[in-house]
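Notes for the one structure printed next.
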Amino acid sequence: MPAVLAGASVAAVGIVLILLVGLAVDHWPFAFDRSIILGLRTWGGPAWLPKVAADVTALGGGIVLTIVVVIVAGLLIVQRLWLTAFAIVASSISGNIVVEMVKLHVARPRPDIVTHLVTVTHMSFPSGHSANSAIVYLTLAGLASQVTQDRAARRYMLVVAILLVGAIGCSRVYLGVHWPSDVLAGWSFGTLWALAWWLATARVRSSIGGER
């Protein structure tokens, strides 16, 4: 397993434990949820930042993620990497279903203490953009690392995926449409989901003696 993915998974477990402890001793929204959102809105940042944040957040939207999955799966199929293509598609679809089910079950309202800088619908927990971007980009990078020989290339793909997922989650908080704990939960779930599919795919690949 790539060290980058293993480290991200350990961090995800730590975040989950922190959120569970926080929920046991406090209630939603947590104190840091309010402080971070209000602090970001007070700061505001440079004039160009809201537009950049909106563009970055779109990279975690359903349309963009679907396009990415279709293009990558098609490339893998052309290369006859059937197992990797199937795993990427199955991980993305099943992960999104789980996220939507959790949203409906928890039914946590969106933040209402600042004006939303982009239009949003649906419930708040967990952040769908954060969770689904982690599911797609980390799974893509993780599974690509299984069929890429160069170690530097594997590390590069995973680092870029983590930075992209991090930027998307932060943009959701900056835009005022998610509590930070929504994003933390989304990151954690998506990372652990990608880890599970990495392990499952590696085991299947080993059992069938290869990819093609």
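Lettering and numbering for the structure tokens are positional, with chains as A, B, ... in the shown order, residues counted from 1 in each chain, and ligands counted from 1 in the shown order.
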
Next item on the list: For Leu199 in chain A, list every protein, DNA or RNA residue within 12 Å, evaluated using only C-alpha atoms, and leave out those in the same chain fewer than 3 positions away; present the list as a PyMOL selection string.
Entry: chain A and resi 1-2+5-6+87+139+142-143+146+192-196+202-206

Within 6 Å of range 106-108 of chain A using only C-alpha atoms, minus same-chain residues under 5 positions, as an mmCIF file with N, CA, C and O atoms, in the first residue's frame:
```cif
data_model
loop_
_atom_site.group_PDB
_atom_site.id
_atom_site.type_symbol
_atom_site.label_atom_id
_atom_site.label_comp_id
_atom_site.auth_asym_id
_atom_site.auth_seq_id
_atom_site.Cartn_x
_atom_site.Cartn_y
_atom_site.Cartn_z
ATOM 1 N N MET A 123 -29.373 18.152 2.243
ATOM 2 C CA MET A 123 -28.903 18.264 3.614
ATOM 3 C C MET A 123 -27.389 18.511 3.667
ATOM 4 O O MET A 123 -26.698 18.456 2.662
ATOM 5 N N SER A 124 -26.900 18.726 4.897
ATOM 6 C CA SER A 124 -25.540 19.207 5.060
ATOM 7 C C SER A 124 -24.521 18.135 5.424
ATOM 8 O O SER A 124 -23.350 18.251 5.061
ATOM 9 N N PHE A 125 -24.926 17.094 6.165
ATOM 10 C CA PHE A 125 -23.952 16.129 6.693
ATOM 11 C C PHE A 125 -24.115 14.762 6.052
ATOM 12 O O PHE A 125 -25.228 14.217 6.040
#
```

Check: Which one is closest to Trp187 in chain A: A:Ile15, A:Leu117, A:Ile36, A:Ile71? Count only C-alpha atoms.
Finding: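 Checking each candidate against Trp187 in chain A, we get A:Ile15 as the closest.
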
Next item on the list: Run DSSP on the backbone of this structure and report the residues of chain A it assigns to helix (DSSP H, G or I), as a PyMOL selection string.
Entry: chain A and resi 3-25+31-43+49-58+62-78+82-106+128-146+151-174+180-208

Next item on the list: Record the distance separating CA of Ala3 in chain A and CA of Leu158 in chain A, expressed in Å with one decimal.
Entry: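 Taking CA of Ala3 in chain A and CA of Leu158 in chain A, their separation equals 9.6 Å.
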
Notebook entry, point to check: Taking only C-alpha atoms into account, which of A:Ile168, A:Val98, A:Val136, A:Ala141 comes nearest Val68 in chain A?
Noted result: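 Of A:Ile168, A:Val98, A:Val136, A:Ala141, the one nearest Val68 in chain A, counting only C-alpha atoms, is A:Val136.
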
Check: Taking only C-alpha atoms into account, which of A:Val147, A:Leu163, A:Gly60, A:Ser207 comes nearest Trp82 in chain A?
Finding: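 When distances to Trp82 in chain A are compared using only C-alpha atoms, the smallest one comes from A:Val147.
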
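Among the candidates A:Ile113, A:Ala31, A:Ala90, A:Met101, the residue lying nearest to Ala200 in chain A is A:Ala90 (atoms considered: only C-alpha atoms).
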
Check: So, counting only C-alpha atoms, which residue among A:His116, A:His122, A:Arg155, A:Arg41 is closest to Leu138 in chain A?
Finding: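 Using only C-alpha atoms, Leu138 in chain A sits closest to A:Arg155.
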
Checklist line | Best match for closeness to Ser92 in chain A among A:Pro50, A:Gly190, A:Gly209, A:Gly44, counting only C-alpha atoms | finding: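 Using only C-alpha atoms, the shortest distance to Ser92 in chain A belongs to A:Gly190.
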
Next item on the list: Might you pull out every residue within 8 Å of range 165-167 of chain A, with only C-alpha atoms counted and same-chain residues fewer than 4 positions away left off, and present them as number ranges by chain?
Entry: A: 56-57, 60, 130, 133-134, 137, 161, 171, 187
